[in-house]
$ cat upload35.txt   # compact mmCIF, C-alpha atoms
# COMPACT_ATOMS: atom_id res chain seq x y z
CA MET G 1 4.71 -16.12 0.51
CA ARG G 2 1.67 -14.80 2.33
CA TRP G 3 -1.57 -13.35 0.95
CA ALA G 4 -3.21 -10.06 1.83
CA ALA G 5 -6.10 -7.95 0.57
CA PHE G 6 -7.58 -4.49 0.65
CA LEU G 7 -10.58 -4.11 2.92
CA PRO G 8 -13.66 -4.00 0.66
CA GLY G 9 -17.17 -2.84 1.40
CA ARG G 10 -19.36 0.24 1.46
CA GLY G 11 -20.08 0.49 5.16
CA PRO G 12 -19.62 -1.19 8.55
CA ASP G 13 -21.65 -4.33 7.83
CA GLU G 14 -19.79 -5.06 4.59
CA TRP G 15 -16.42 -4.14 6.07
CA LEU G 16 -16.95 -6.52 8.94
CA GLY G 17 -18.34 -9.32 6.77
CA TRP G 18 -15.39 -9.27 4.38
CA ALA G 19 -12.86 -8.87 7.19
CA ARG G 20 -14.10 -11.97 8.95
CA ARG G 21 -14.04 -13.93 5.72
CA TYR G 22 -10.47 -12.96 4.93
CA GLU G 23 -9.42 -13.77 8.48
CA ASP G 24 -11.17 -17.16 8.36
CA ALA G 25 -9.49 -17.84 5.01
CA GLY G 26 -6.07 -17.39 6.60
CA PHE G 27 -5.05 -14.15 4.91
CA ALA G 28 -2.15 -12.45 6.68
CA SER G 29 -3.32 -8.85 6.56
CA LEU G 30 -5.97 -6.37 5.44
CA TRP G 31 -5.15 -2.89 4.16
CA GLN G 32 -7.11 0.33 3.74
CA GLY G 33 -6.02 3.32 1.70
CA GLU G 34 -7.32 6.87 1.59
CA ILE G 35 -8.41 8.99 -1.34
CA VAL G 36 -11.89 10.32 -0.49
CA ASN G 37 -12.04 8.45 2.80
CA SER G 38 -10.15 7.88 6.01
CA ALA G 39 -7.73 4.98 6.08
CA LEU G 40 -8.17 4.62 9.84
CA VAL G 41 -11.91 4.67 10.45
CA PRO G 42 -12.84 1.49 8.52
CA LEU G 43 -10.02 -0.39 10.24
CA ALA G 44 -11.16 0.90 13.63
CA ALA G 45 -14.66 -0.39 12.86
CA ILE G 46 -13.46 -3.97 12.28
CA ALA G 47 -10.62 -4.11 14.81
CA PRO G 48 -12.65 -5.27 17.85
CA ALA G 49 -14.44 -7.94 15.81
CA THR G 50 -11.31 -9.60 14.37
CA ARG G 51 -8.74 -11.57 16.30
CA ARG G 52 -5.76 -12.62 14.19
CA ILE G 53 -5.50 -10.72 10.94
CA VAL G 54 -3.10 -7.77 10.78
CA LEU G 55 -4.75 -4.42 9.96
CA GLY G 56 -2.77 -1.74 8.15
CA THR G 57 -3.18 1.61 6.46
CA GLY G 58 -2.19 1.07 2.87
CA VAL G 59 -1.52 3.91 2.88
CA SER G 60 -2.11 6.99 4.97
CA LEU G 61 -1.04 10.07 2.99
CA ALA G 62 1.68 11.21 5.35
CA PHE G 63 2.07 14.82 4.30
CA THR G 64 -1.65 15.50 4.68
CA HIS G 65 -1.53 14.55 8.39
CA SER G 66 0.28 15.94 11.40
CA PRO G 67 2.91 13.31 12.28
CA VAL G 68 2.12 13.77 15.97
CA MET G 69 -1.61 13.21 15.61
CA LEU G 70 -1.16 10.30 13.19
CA ALA G 71 1.29 8.66 15.60
CA LEU G 72 -1.26 9.00 18.41
CA ALA G 73 -3.98 7.57 16.17
CA ALA G 74 -1.69 4.63 15.37
CA LEU G 75 -1.19 3.98 19.08
CA ASP G 76 -4.98 4.02 19.53
CA MET G 77 -5.40 1.62 16.63
CA ASP G 78 -2.87 -0.75 18.15
CA VAL G 79 -4.93 -0.76 21.35
CA ALA G 80 -8.18 -1.32 19.44
CA SER G 81 -6.66 -4.22 17.47
CA THR G 82 -4.82 -5.73 20.47
CA GLY G 83 -1.43 -5.29 18.86
CA ARG G 84 -2.26 -6.05 15.21
CA PHE G 85 -1.95 -2.62 13.61
CA VAL G 86 0.57 -1.40 11.03
CA LEU G 87 0.90 2.27 10.14
CA GLY G 88 1.58 2.40 6.41
CA LEU G 89 2.73 5.79 5.12
CA GLY G 90 2.85 7.05 1.57
CA VAL G 91 3.72 10.24 -0.28
CA ALA G 92 1.37 10.62 -3.29
CA HIS G 93 1.48 13.66 -5.57
CA GLN G 94 2.56 17.03 -4.21
CA GLY G 95 -0.12 19.01 -6.05
CA ARG G 96 -2.91 16.73 -4.92
CA ASN G 97 -1.63 16.65 -1.34
CA ASN G 98 -1.61 20.44 -1.13
CA ARG G 99 -4.56 21.40 -3.34
CA TRP G 100 -6.99 18.59 -2.55
CA TYR G 101 -6.14 17.92 1.08
CA ALA G 102 -4.64 21.23 2.31
CA GLY G 103 -1.51 19.28 3.18
CA ARG G 104 2.07 20.35 3.80
CA ASP G 105 4.03 18.68 1.01
CA ALA G 106 7.33 20.47 0.37
CA GLY G 107 8.11 18.61 -2.84
CA LYS G 108 11.11 16.79 -1.34
CA PRO G 109 9.47 13.43 -0.64
CA VAL G 110 12.44 11.38 0.58
CA ALA G 111 13.89 14.07 2.84
CA GLN G 112 10.49 14.98 4.25
CA MET G 113 9.55 11.32 4.79
CA ARG G 114 12.78 10.79 6.73
CA GLU G 115 11.82 13.56 9.15
CA TYR G 116 8.23 12.35 9.28
CA LEU G 117 9.35 8.88 10.30
CA GLU G 118 11.68 10.27 12.93
CA VAL G 119 8.90 12.37 14.48
CA VAL G 120 6.41 9.50 14.41
CA ARG G 121 8.90 7.19 16.10
CA GLN G 122 9.71 9.74 18.79
CA VAL G 123 6.04 10.36 19.57
CA MET G 124 5.29 6.63 19.70
CA ALA G 125 8.20 6.11 22.10
CA VAL G 126 7.46 9.02 24.45
CA ALA G 127 3.67 9.31 24.49
CA PRO G 128 2.90 6.05 26.34
CA ARG G 129 4.85 7.18 29.40
CA GLY G 130 4.95 10.96 28.89
CA GLY G 131 7.95 13.22 28.72
CA ASP G 132 9.65 15.81 26.55
CA LEU G 133 9.38 15.83 22.77
CA GLN G 134 12.05 17.74 20.87
CA TYR G 135 12.70 17.74 17.14
CA GLU G 136 14.36 20.37 14.96
CA GLY G 137 14.17 19.62 11.27
CA THR G 138 13.75 21.32 7.94
CA TYR G 139 10.12 20.27 7.60
CA TYR G 140 9.00 19.59 11.17
CA THR G 141 9.69 21.28 14.49
CA LEU G 142 8.51 19.77 17.74
CA ARG G 143 8.90 21.37 21.17
CA ALA G 144 6.70 19.82 23.85
CA ARG G 145 7.82 19.82 27.45
CA ARG G 146 6.21 17.24 29.69
CA PHE G 147 4.03 15.77 26.94
CA PHE G 148 1.07 14.06 28.60
CA ALA G 149 1.32 10.33 29.28
CA ARG G 150 -1.35 8.20 27.62
CA SER G 151 -3.81 6.63 30.03
CA VAL G 152 -4.31 3.39 28.08
CA PRO G 153 -1.50 0.78 28.27
CA GLN G 154 -0.04 -0.19 24.91
CA PRO G 155 -0.31 -3.88 23.96
CA ARG G 156 3.31 -3.99 22.69
CA PRO G 157 6.38 -1.80 22.86
CA ARG G 158 6.56 -0.92 19.15
CA VAL G 159 3.97 -0.30 16.44
CA PRO G 160 5.34 -1.25 13.00
CA VAL G 161 5.64 1.56 10.47
CA TYR G 162 5.79 0.73 6.76
CA VAL G 163 6.60 3.04 3.85
CA ALA G 164 5.21 2.91 0.32
CA ALA G 165 8.10 2.89 -2.13
CA VAL G 166 8.27 2.41 -5.88
CA PHE G 167 11.52 4.10 -6.83
CA PRO G 168 15.04 3.54 -5.45
CA ARG G 169 15.55 6.47 -3.07
CA MET G 170 12.33 5.90 -1.13
CA ALA G 171 12.91 2.13 -1.14
CA ALA G 172 16.37 2.70 0.35
CA LEU G 173 14.89 4.96 3.03
CA ALA G 174 12.35 2.27 3.87
CA GLY G 175 15.11 -0.31 4.16
CA GLU G 176 16.99 2.00 6.49
CA LEU G 177 14.20 3.20 8.80
CA ALA G 178 10.92 1.33 8.27
CA ASP G 179 9.59 -2.05 9.31
CA GLY G 180 8.15 -2.80 5.90
CA VAL G 181 7.82 -1.66 2.29
CA ILE G 182 4.47 -1.39 0.54
CA GLY G 183 4.45 -1.64 -3.23
CA ASN G 184 1.77 -0.52 -5.66
CA PRO G 185 0.52 -2.32 -8.81
CA MET G 186 3.78 -1.45 -10.58
CA TYR G 187 5.53 -4.13 -8.50
CA SER G 188 6.14 -6.51 -11.35
CA PRO G 189 8.64 -9.30 -10.64
CA ARG G 190 11.14 -7.52 -12.87
CA HIS G 191 10.76 -4.16 -11.12
CA VAL G 192 11.07 -5.73 -7.67
CA ARG G 193 14.12 -7.78 -8.64
CA ASP G 194 15.98 -5.08 -10.57
CA VAL G 195 15.03 -1.90 -8.69
CA VAL G 196 13.26 -2.34 -5.37
CA LEU G 197 15.25 -5.12 -3.74
CA PRO G 198 18.70 -3.62 -4.50
CA ALA G 199 17.56 -0.27 -3.09
CA VAL G 200 16.07 -1.85 0.04
CA THR G 201 19.33 -3.77 0.51
CA THR G 202 21.27 -0.51 0.31
CA GLY G 203 19.09 0.99 3.03
CA LEU G 204 19.42 -2.08 5.22
CA GLY G 205 23.19 -1.84 4.91
CA ARG G 206 23.18 1.79 6.04
CA ALA G 207 21.40 0.82 9.24
CA GLY G 208 23.22 -2.46 9.85
CA ARG G 209 19.99 -4.40 9.43
CA CYS G 210 19.18 -7.65 7.64
CA ARG G 211 16.52 -8.56 5.08
CA SER G 212 14.35 -10.30 7.70
CA ASP G 213 13.94 -6.96 9.51
CA VAL G 214 11.68 -5.65 6.74
CA GLU G 215 8.49 -7.10 5.29
CA LEU G 216 8.18 -6.50 1.56
CA LEU G 217 4.63 -6.31 0.25
CA GLY G 218 3.58 -5.83 -3.34
CA GLN G 219 0.19 -5.34 -4.92
CA CYS G 220 -0.89 -7.45 -7.85
CA PHE G 221 -4.15 -6.98 -9.71
CA THR G 222 -5.64 -10.47 -9.60
CA VAL G 223 -8.52 -11.44 -11.87
CA ILE G 224 -9.55 -15.10 -11.88
CA ASP G 225 -11.70 -15.79 -14.92
CA ASP G 226 -11.79 -18.73 -17.32
CA ASP G 227 -12.15 -16.21 -20.15
CA LEU G 228 -8.61 -14.85 -20.45
CA ALA G 229 -9.65 -11.96 -22.69
CA THR G 230 -12.22 -10.79 -20.16
CA ALA G 231 -9.72 -11.06 -17.31
CA ARG G 232 -7.14 -9.06 -19.24
CA ARG G 233 -9.61 -6.32 -20.08
CA VAL G 234 -10.69 -5.95 -16.44
CA ALA G 235 -7.05 -5.62 -15.36
CA ALA G 236 -6.26 -3.27 -18.24
CA GLY G 237 -8.94 -0.92 -16.96
CA ALA G 238 -7.09 -0.67 -13.67
CA LEU G 239 -3.77 0.00 -15.43
CA LEU G 240 -5.27 3.09 -17.07
CA PHE G 241 -4.74 4.99 -13.81
CA SER G 242 -1.04 4.15 -13.74
CA VAL G 243 -0.73 5.39 -17.33
CA TRP G 244 -2.62 8.60 -16.52
CA ALA G 245 -0.46 9.28 -13.45
CA ARG G 246 2.71 9.71 -15.61
CA ILE G 247 5.11 9.14 -12.72
CA TYR G 248 5.46 5.45 -13.60
CA ASP G 249 6.77 6.05 -17.12
CA PRO G 250 10.30 4.86 -16.19
CA ILE G 251 8.84 1.51 -15.14
CA PHE G 252 6.76 1.15 -18.27
CA ALA G 253 9.79 2.12 -20.36
CA ALA G 254 12.00 -0.48 -18.65
CA HIS G 255 9.42 -3.11 -19.65
CA GLY G 256 9.35 -1.88 -23.25
CA PHE G 257 5.93 -0.21 -23.15
CA GLN G 258 6.71 3.51 -23.41
CA ALA G 259 5.37 3.84 -26.97
CA VAL G 260 2.15 2.12 -25.94
CA VAL G 261 1.83 4.36 -22.90
CA ASP G 262 2.24 7.49 -25.03
CA GLU G 263 -0.48 6.31 -27.41
CA VAL G 264 -2.85 5.32 -24.59
CA ARG G 265 -2.32 8.66 -22.87
CA ALA G 266 -3.13 10.55 -26.05
CA LEU G 267 -6.37 8.62 -26.35
CA GLN G 268 -7.16 9.32 -22.69
CA ALA G 269 -6.72 13.03 -23.33
CA ALA G 270 -9.39 12.80 -26.03
CA GLY G 271 -11.87 11.95 -23.27
CA ASP G 272 -13.01 8.49 -24.42
CA PRO G 273 -11.53 5.67 -22.31
CA GLY G 274 -12.76 2.90 -24.63
CA PRO G 275 -10.13 3.31 -27.35
CA ALA G 276 -7.44 3.84 -24.71
CA LEU G 277 -8.40 0.58 -23.06
CA ASP G 278 -8.31 -1.21 -26.42
CA ARG G 279 -4.70 -0.15 -26.96
CA ILE G 280 -3.29 -1.79 -23.82
CA PRO G 281 -1.71 -5.01 -25.14
CA PRO G 282 -1.96 -8.41 -23.43
CA GLU G 283 1.79 -8.39 -22.79
CA MET G 284 1.50 -5.22 -20.72
CA VAL G 285 -1.28 -6.67 -18.57
CA ASP G 286 0.65 -9.90 -18.05
CA ALA G 287 3.80 -8.02 -17.03
CA PHE G 288 2.10 -6.49 -14.00
CA CYS G 289 -1.03 -8.54 -13.26
CA ALA G 290 -2.13 -12.12 -12.57
CA VAL G 291 -5.14 -12.86 -14.76
CA GLY G 292 -7.06 -15.70 -16.36
CA PRO G 293 -7.89 -19.26 -15.25
CA VAL G 294 -6.79 -20.38 -11.80
CA ASP G 295 -3.65 -22.25 -12.90
CA ARG G 296 -2.48 -19.29 -14.95
CA VAL G 297 -3.00 -16.91 -12.03
CA ARG G 298 -1.07 -19.21 -9.71
CA ARG G 299 1.85 -19.34 -12.13
CA ALA G 300 1.95 -15.55 -12.38
CA LEU G 301 1.96 -15.16 -8.61
CA ARG G 302 4.69 -17.80 -8.20
CA GLU G 303 6.99 -15.47 -10.16
CA ARG G 304 6.91 -13.20 -7.09
CA ASP G 305 7.94 -15.97 -4.69
CA GLY G 306 11.36 -15.22 -3.25
CA LEU G 307 10.98 -11.55 -4.15
CA LEU G 308 8.01 -10.53 -2.01
CA ASP G 309 7.10 -11.69 1.48
CA THR G 310 3.42 -10.85 1.02
CA VAL G 311 1.30 -10.21 -2.05
CA ILE G 312 -1.79 -8.02 -1.80
CA LEU G 313 -4.25 -9.69 -4.16
CA ALA G 314 -5.97 -6.56 -5.43
CA VAL G 315 -9.27 -6.65 -7.31
CA PRO G 316 -9.47 -3.92 -9.98
CA ALA G 317 -11.99 -1.25 -9.07
CA THR G 318 -11.29 1.49 -11.62
CA ARG G 319 -13.76 0.33 -14.25
CA SER G 320 -15.42 -2.60 -12.46
CA PRO G 321 -18.89 -2.36 -10.88
CA PRO G 322 -19.28 -3.53 -7.25
CA ASP G 323 -20.99 -6.82 -8.13
CA GLU G 324 -18.15 -7.76 -10.50
CA GLN G 325 -15.56 -6.87 -7.87
CA ALA G 326 -17.38 -9.08 -5.36
CA ARG G 327 -17.36 -12.04 -7.79
CA TYR G 328 -13.61 -11.74 -8.29
CA ARG G 329 -13.03 -11.50 -4.53
CA GLU G 330 -15.06 -14.67 -4.04
CA ARG G 331 -12.83 -16.46 -6.54
CA ILE G 332 -9.70 -15.21 -4.77
CA LEU G 333 -10.99 -16.46 -1.42
CA ALA G 334 -11.93 -19.83 -2.91
CA THR G 335 -8.52 -20.19 -4.55
CA PHE G 336 -6.12 -18.82 -1.94
CA GLY G 337 -7.99 -19.38 1.31
CA THR G 338 -6.82 -22.09 3.66
$ encode --input "upload35.txt" --output "structure tokens"
Amino acid sequence: MRWAAFLPGRGPDEWLGWARRYEDAGFASLWQGEIVNSALVPLAAIAPATRRIVLGTGVSLAFTHSPVMLALAALDMDVASTGRFVLGLGVAHQGRNNRWYAGRDAGKPVAQMREYLEVVRQVMAVAPRGGDLQYEGTYYTLRARRFFARSVPQPRPRVPVYVAAVFPRMAALAGELADGVIGNPMYSPRHVRDVVLPAVTTGLGRAGRCRSDVELLGQCFTVIDDDLATARRVAAGALLFSVWARIYDPIFAAHGFQAVVDEVRALQAAGDPGPALDRIPPEMVDAFCAVGPVDRVRRALRERDGLLDTVILAVPATRSPPDEQARYRERILATFGT
């Protein structure tokens, strides 16, 4: 099992400093998401100054980007990183995609993602040499005769494309068409074993592929602290977002936490996060996170061995100030670095 991280920092100097440290520590990959930022620009800033570590968008919000332009950006990123880039695509919420980002989310995430992947793959295949692009779909239409050839040689014939998947239909699509699956903090060992892996296997079977054709990554909030209560509270603060989002209720229910989630959500609606945080029980934190002293964290992560190929050791940021986040990253590097 390999280790990965999200790229931290508040500007180029910090991005580069952390990237070099993770690379020197032997981490397999660094990931950058997008909410009020670009997923690509921070990775582009560190690409020329790193040599080995894989750089991936974790994730780019697919339906807020033209698939043609994002495919071209991915080809540029692969050049900048000398063949170390992964384009990670995710769906997010339809309302936010369309209202916040002026996106084109049709509300059919699996069907639209299938077309998106097909367009991205076609552009990546044709653009390096030039030629015709033709695609007729429900969500995307592409008619480009004699599409211009790119002037910069690509460092490898294929840029990997990963898909974020939490529920079965998207996980099956990823197994069928993608090079990897990216999981969010809901990737408990139980959810991966009972839901994600069977769905990915179904998708692999459709395409005549094998398990080694797909990298399976899962996030895990990781808080190393000798004070177990403190570690649990820090991780619980991050879980508040998953409760607020509502879409993960089936996962919470499968773990036996639906009643707790309903109570926490009611407290959130009252506008005071303190009582809501107090109601998240230790068992709920432990089901999804790796927290506490070093040996306890290692045991929790070992439960994912054989299920995940790579674990993104995520430091909670929802209710944690930057200096606290930095301390927990330092402990992760000291514990899991080579």
$ residues_around --input "upload35.txt" --residues "region 67-74 of chain G" --least-positions-apart "3" --cutoff "10 Å" --atoms "all atoms listed in the file" --output "count of residues only"
34
$ atom_distance --input "upload35.txt" --atom1 "CA of Ala245 (chain G)" --atom2 "CA of Val264 (chain G)"
12.1 Å
$ residues_around --input "upload35.txt" --residues "Ala5 (chain G)" --least-positions-apart "4" --cutoff "12 Å" --atoms "all atoms listed in the file" --output "MDAnalysis selection string"
chainID G and resid 18:19 21:23 25:33 53:58 217:222 310:316 329 332:333 336:337
$ write_last_selection --input "upload35.txt" --atoms "C-alpha atoms" --output "short mmCIF file (atom, residue, chain, number, x, y, z; two decimals), in the frame of the given file"
data_model
loop_
_atom_site.label_atom_id
_atom_site.label_comp_id
_atom_site.auth_asym_id
_atom_site.auth_seq_id
_atom_site.Cartn_x
_atom_site.Cartn_y
_atom_site.Cartn_z
CA TRP G 18 -15.39 -9.27 4.38
CA ALA G 19 -12.86 -8.87 7.19
CA ARG G 21 -14.04 -13.93 5.72
CA TYR G 22 -10.47 -12.96 4.93
CA GLU G 23 -9.42 -13.77 8.48
CA ALA G 25 -9.49 -17.84 5.01
CA GLY G 26 -6.07 -17.39 6.60
CA PHE G 27 -5.05 -14.15 4.91
CA ALA G 28 -2.15 -12.45 6.68
CA SER G 29 -3.32 -8.85 6.56
CA LEU G 30 -5.97 -6.37 5.44
CA TRP G 31 -5.15 -2.89 4.16
CA GLN G 32 -7.11 0.33 3.74
CA GLY G 33 -6.02 3.32 1.70
CA ILE G 53 -5.50 -10.72 10.94
CA VAL G 54 -3.10 -7.77 10.78
CA LEU G 55 -4.75 -4.42 9.96
CA GLY G 56 -2.77 -1.74 8.15
CA THR G 57 -3.18 1.61 6.46
CA GLY G 58 -2.19 1.07 2.87
CA LEU G 217 4.63 -6.31 0.25
CA GLY G 218 3.58 -5.83 -3.34
CA GLN G 219 0.19 -5.34 -4.92
CA CYS G 220 -0.89 -7.45 -7.85
CA PHE G 221 -4.15 -6.98 -9.71
CA THR G 222 -5.64 -10.47 -9.60
CA THR G 310 3.42 -10.85 1.02
CA VAL G 311 1.30 -10.21 -2.05
CA ILE G 312 -1.79 -8.02 -1.80
CA LEU G 313 -4.25 -9.69 -4.16
CA ALA G 314 -5.97 -6.56 -5.43
CA VAL G 315 -9.27 -6.65 -7.31
CA PRO G 316 -9.47 -3.92 -9.98
CA ARG G 329 -13.03 -11.50 -4.53
CA ILE G 332 -9.70 -15.21 -4.77
CA LEU G 333 -10.99 -16.46 -1.42
CA PHE G 336 -6.12 -18.82 -1.94
CA GLY G 337 -7.99 -19.38 1.31
#
$ atom_distance --input "upload35.txt" --atom1 "CA of Glu283 (chain G)" --atom2 "CA of Ala236 (chain G)"
10.6 Å
$ closest_residue --input "upload35.txt" --among "G:Ala49, G:Val223, G:Ala199, G:Leu61" --to "Arg298 (chain G)" --atoms "all atoms listed in the file"
G:Val223
$ closest_residue --input "upload35.txt" --among "G:Met1, G:Ala231, G:Ile46, G:Leu216" --to "Gly17 (chain G)" --atoms "all atoms listed in the file"
G:Ile46
$ axis_aligned_box --input "upload35.txt" --around "region 162-165 of chain G" --padding-each-side "8 Å" --output "lines of an AutoDock Vina configuration file"
center_x = 6.7
center_y = 1.9
center_z = 2.3
size_x = 18.9
size_y = 18.3
size_z = 24.9
$ residues_near_point --input "upload35.txt" --point "(8.8, -14.8, -9.6)" --cutoff "12 Å" --atoms "only C-alpha atoms" --output "ChimeraX atom specification"
/G:1,187-193,287-288,290,298-309,311
$ closest_residue --input "upload35.txt" --among "G:Asp24, G:Asp262, G:Glu215, G:Asp132" --to "Arg246 (chain G)" --atoms "only C-alpha atoms"
G:Asp262
$ build_atoms --input "upload35.txt" --residues "region 69-92 of chain G" --atoms "N, CA and C atoms" --output "mmCIF file, in the frame of the given file"
data_model
loop_
_atom_site.group_PDB
_atom_site.id
_atom_site.type_symbol
_atom_site.label_atom_id
_atom_site.label_comp_id
_atom_site.auth_asym_id
_atom_site.auth_seq_id
_atom_site.Cartn_x
_atom_site.Cartn_y
_atom_site.Cartn_z
ATOM 1 N N MET G 69 -0.252 13.727 15.470
ATOM 2 C CA MET G 69 -1.610 13.210 15.610
ATOM 3 C C MET G 69 -1.761 11.837 14.954
ATOM 4 N N LEU G 70 -1.065 11.617 13.826
ATOM 5 C CA LEU G 70 -1.160 10.300 13.190
ATOM 6 C C LEU G 70 -0.468 9.244 14.039
ATOM 7 N N ALA G 71 0.635 9.601 14.692
ATOM 8 C CA ALA G 71 1.290 8.660 15.600
ATOM 9 C C ALA G 71 0.375 8.299 16.766
ATOM 10 N N LEU G 72 -0.331 9.284 17.313
ATOM 11 C CA LEU G 72 -1.260 9.000 18.410
ATOM 12 C C LEU G 72 -2.422 8.134 17.932
ATOM 13 N N ALA G 73 -2.912 8.406 16.723
ATOM 14 C CA ALA G 73 -3.980 7.570 16.170
ATOM 15 C C ALA G 73 -3.500 6.139 15.972
ATOM 16 N N ALA G 74 -2.245 5.974 15.546
ATOM 17 C CA ALA G 74 -1.690 4.630 15.370
ATOM 18 C C ALA G 74 -1.604 3.898 16.704
ATOM 19 N N LEU G 75 -1.222 4.597 17.758
ATOM 20 C CA LEU G 75 -1.190 3.980 19.080
ATOM 21 C C LEU G 75 -2.599 3.554 19.508
ATOM 22 N N ASP G 76 -3.598 4.396 19.221
ATOM 23 C CA ASP G 76 -4.980 4.020 19.530
ATOM 24 C C ASP G 76 -5.413 2.795 18.740
ATOM 25 N N MET G 77 -5.035 2.758 17.456
ATOM 26 C CA MET G 77 -5.400 1.620 16.630
ATOM 27 C C MET G 77 -4.737 0.342 17.119
ATOM 28 N N ASP G 78 -3.535 0.444 17.638
ATOM 29 C CA ASP G 78 -2.870 -0.750 18.150
ATOM 30 C C ASP G 78 -3.582 -1.261 19.398
ATOM 31 N N VAL G 79 -4.120 -0.352 20.197
ATOM 32 C CA VAL G 79 -4.930 -0.760 21.350
ATOM 33 C C VAL G 79 -6.215 -1.433 20.874
ATOM 34 N N ALA G 80 -6.898 -0.794 19.922
ATOM 35 C CA ALA G 80 -8.180 -1.320 19.440
ATOM 36 C C ALA G 80 -8.027 -2.695 18.805
ATOM 37 N N SER G 81 -6.875 -2.944 18.168
ATOM 38 C CA SER G 81 -6.660 -4.220 17.470
ATOM 39 C C SER G 81 -5.851 -5.207 18.305
ATOM 40 N N THR G 82 -5.621 -4.886 19.565
ATOM 41 C CA THR G 82 -4.820 -5.730 20.470
ATOM 42 C C THR G 82 -3.466 -6.104 19.856
ATOM 43 N N GLY G 83 -2.792 -5.081 19.349
ATOM 44 C CA GLY G 83 -1.430 -5.290 18.860
ATOM 45 C C GLY G 83 -1.338 -5.852 17.462
ATOM 46 N N ARG G 84 -2.281 -5.514 16.578
ATOM 47 C CA ARG G 84 -2.260 -6.050 15.210
ATOM 48 C C ARG G 84 -2.218 -4.947 14.155
ATOM 49 N N PHE G 85 -1.872 -3.738 14.546
ATOM 50 C CA PHE G 85 -1.950 -2.620 13.610
ATOM 51 C C PHE G 85 -0.590 -2.300 13.009
ATOM 52 N N VAL G 86 -0.612 -1.900 11.736
ATOM 53 C CA VAL G 86 0.570 -1.400 11.030
ATOM 54 C C VAL G 86 0.228 -0.035 10.452
ATOM 55 N N LEU G 87 1.069 0.942 10.734
ATOM 56 C CA LEU G 87 0.900 2.270 10.140
ATOM 57 C C LEU G 87 1.681 2.307 8.825
ATOM 58 N N GLY G 88 0.960 2.293 7.720
ATOM 59 C CA GLY G 88 1.580 2.400 6.410
ATOM 60 C C GLY G 88 1.501 3.831 5.916
ATOM 61 N N LEU G 89 2.643 4.396 5.539
ATOM 62 C CA LEU G 89 2.730 5.790 5.120
ATOM 63 C C LEU G 89 3.128 5.876 3.652
ATOM 64 N N GLY G 90 2.501 6.823 2.952
ATOM 65 C CA GLY G 90 2.850 7.050 1.570
ATOM 66 C C GLY G 90 2.938 8.529 1.264
ATOM 67 N N VAL G 91 3.466 8.849 0.087
ATOM 68 C CA VAL G 91 3.720 10.240 -0.280
ATOM 69 C C VAL G 91 2.625 10.805 -1.176
ATOM 70 N N ALA G 92 2.310 10.134 -2.270
ATOM 71 C CA ALA G 92 1.370 10.620 -3.290
ATOM 72 C C ALA G 92 1.930 11.844 -4.000
#
